Amino acid sequence: MTRTDPTDAGTETLRGGPRRRRVRAPGGGVPLPLLVPALLGLAFLTVPLVALLVRAPWRGMPEQLTGAAVWQALQLSLVCATAATAVSLVIGVPLAWLLARVEFPGRGLVRALVTLPLVLPPVVGGVALLMALGRNGVVGKWLDAWFGITLPFTTAGVVVAEAFVAMPFLVISVEGTLRAADPRYEEAATTLGASRFTAFRRVTLPLIAPGVAAGAVLAWARALGEFGATITFAGNFPGRTQTMPLAVYLALQSDPEAAIALSLVLLAVSVAVLAGLRDRWMATG
């Protein structure tokens with residue numbers, strides 16, 4: 001029998017517990033019927049990205065990214081994605097709290113409706129927004145008649161379209177964090193005289209701050225890359241509604257190098273988002 005040194009055990013405890021050992025495949029190798037499809041899947045996902053890097057006009061990249069049209073699209077994309085994330089935070093966090101903390105009839109149906117934009121084709125989402133918020137839409141006609149607000153084919157319409165497709169990412173992240181948080185902290189705060197809103201603001205919100213931050217980053221990245229709902233609901237007007245994905249689509253028809261340059265910017269943002277969330281969702285140990 002092998003004896004364990006108490007000193008080593010104490011050292012492991014001080015370091016955060018015993019280290020996890022990597023589990024090797026039985027037999028010491030990877031079966032060929034699993035290895036070959038795995039390598040094909042890896043190549044299928046990485047070769048297009050590598051090709052984008054290989055064909056990138058690196059020498060002319062500064063000129064491509066500093067062009068007036070490209071800068072307008074980049075600036076508009078950043079502003080609209082940030083505004084859409086802010087909208088998602090304001091209405092998405094309370095919605096996530098409602099789904100996680102309140103029992104009410106039809107909660108499963110409400111959750112399904114909230115997550116529906118995740119699987120809904122973006123173009124269909126744009127058409128739905130037109131039917132709801134268009135000048136003759138179910139709600140849009142009243143906005144136009146009462147307040148003179150017209151959302152389609154405007155910068156505000158871009159924000160609405162991006163928030164529609166991005167907010168479910170925030171809601172799912174925050175709801176999962178709320179379900180993992182111990183509700184007894186809120187109950188203790190309410191027994192000490194705090195209202196439910198004060199308990200949420202002073203106790204719950206600091207506890208779920210990492211989940212809110214992760215959901216906000218995901219929502220921002222999704223809003224930055226939104227294409228289908230934006231072009232359907234807001235159109236493709238340079239300087240007003242033409243975001244980076246729309247600029248990529250337009251440049252691909254006349255200036256492929258500019259399309260590649262813009263695609264690399266979006267790729268860099270996606271890699272940065274995944275790197276930032278790796279420790280939270282992708283760490284194995």
# chains A, B, ... in the order shown; residues from 1 in each chain; ligands from 1
>>> residues_around(residues="stretch 108-120 of chain A", least_positions_apart="2", cutoff="7 Å", atoms="only C-alpha atoms", output="JSON, numbers by chain")
{"A": [106, 122, 124, 125, 165, 168]}
>>> residues_around(residues="A:Ala229", least_positions_apart="6", cutoff="12 Å", atoms="only C-alpha atoms", output="ChimeraX atom specification")
/A:117,120-130,152-153,157-166,222-223,235-236,241,243,245-246
>>> residues_around(residues="A:Asp255", least_positions_apart="6", cutoff="12 Å", atoms="only C-alpha atoms", output="list in words")
Pro57, Gln64, Val70, Ala247, Val248, Tyr249, Ala261 and Leu262 of chain A
>>> atom_distance(atom1="atom CA of A:Phe200", atom2="atom CA of A:Val93")
10.9 Å
>>> select_by_dssp(residues="stretch 77-203 of chain A", states="alpha helix (DSSP H)", output="PyMOL selection string")
chain A and resi 77-101+107-119+122-133+140-142+155-180+184-191+196-199
>>> residues_around(residues="A:Ile260", least_positions_apart="5", cutoff="12 Å", atoms="only C-alpha atoms", output="VMD selection string")
chain A and resid 49 51 to 58 60 to 61 64 to 65 70 244 to 245 247 to 255 265 to 267
>>> write_last_selection(atoms="C-alpha atoms", output="PDB file, in the first residue's frame")
ATOM      1  CA  LEU A  49     -11.031  30.621 -40.868  1.00  0.00           C
ATOM      2  CA  ALA A  51      -8.316  30.588 -45.469  1.00  0.00           C
ATOM      3  CA  LEU A  52      -9.659  33.964 -44.393  1.00  0.00           C
ATOM      4  CA  LEU A  53      -6.350  34.724 -42.712  1.00  0.00           C
ATOM      5  CA  VAL A  54      -4.322  33.482 -45.694  1.00  0.00           C
ATOM      6  CA  ARG A  55      -6.239  35.540 -48.238  1.00  0.00           C
ATOM      7  CA  ALA A  56      -6.330  38.673 -46.095  1.00  0.00           C
ATOM      8  CA  PRO A  57      -4.760  41.778 -47.692  1.00  0.00           C
ATOM      9  CA  TRP A  58      -2.420  42.423 -44.777  1.00  0.00           C
ATOM     10  CA  GLY A  60      -3.503  47.105 -47.465  1.00  0.00           C
ATOM     11  CA  MET A  61      -5.362  46.388 -44.218  1.00  0.00           C
ATOM     12  CA  GLN A  64      -9.086  49.259 -45.962  1.00  0.00           C
ATOM     13  CA  LEU A  65     -10.044  49.808 -42.347  1.00  0.00           C
ATOM     14  CA  VAL A  70     -15.695  51.178 -43.501  1.00  0.00           C
ATOM     15  CA  MET A 244     -20.386  45.866 -40.404  1.00  0.00           C
ATOM     16  CA  PRO A 245     -22.085  42.602 -41.473  1.00  0.00           C
ATOM     17  CA  ALA A 247     -20.974  46.318 -45.201  1.00  0.00           C
ATOM     18  CA  VAL A 248     -19.282  42.931 -45.641  1.00  0.00           C
ATOM     19  CA  TYR A 249     -22.187  41.709 -47.763  1.00  0.00           C
ATOM     20  CA  LEU A 250     -22.124  44.850 -49.906  1.00  0.00           C
ATOM     21  CA  ALA A 251     -18.324  44.969 -50.254  1.00  0.00           C
ATOM     22  CA  LEU A 252     -18.159  41.321 -51.294  1.00  0.00           C
ATOM     23  CA  GLN A 253     -19.893  42.254 -54.536  1.00  0.00           C
ATOM     24  CA  SER A 254     -17.523  45.081 -55.519  1.00  0.00           C
ATOM     25  CA  ASP A 255     -14.436  45.042 -53.243  1.00  0.00           C
ATOM     26  CA  VAL A 265     -12.465  42.549 -37.546  1.00  0.00           C
ATOM     27  CA  LEU A 266     -15.593  40.567 -36.711  1.00  0.00           C
ATOM     28  CA  LEU A 267     -13.481  37.428 -36.336  1.00  0.00           C
TER      29      LEU A 267
END
>>> residues_around(residues="A:Pro183", least_positions_apart="2", cutoff="12 Å", atoms="only C-alpha atoms", output="list in words")
Trp97, Ala100, Arg101, Val102, Thr177, Leu178, Arg179, Ala180, Ala181, Tyr185, Glu186, Glu187, Ala188, Ala189, Thr190, Arg196, Ala199, Phe200, Val203, Thr204, Leu205, Leu207 and Ile208 of chain A
>>> atom_distance(atom1="atom CA of A:Leu76", atom2="atom CA of A:Gln242")
7.5 Å
>>> residues_around(residues="A:Leu151", least_positions_apart="5", cutoff="7 Å", atoms="only C-alpha atoms", output="list in words")
Leu133, Gly134, Ala156 and Gly157 of chain A
>>> atom_distance(atom1="atom CA of A:Glu175", atom2="atom CA of A:Ala96")
4.8 Å
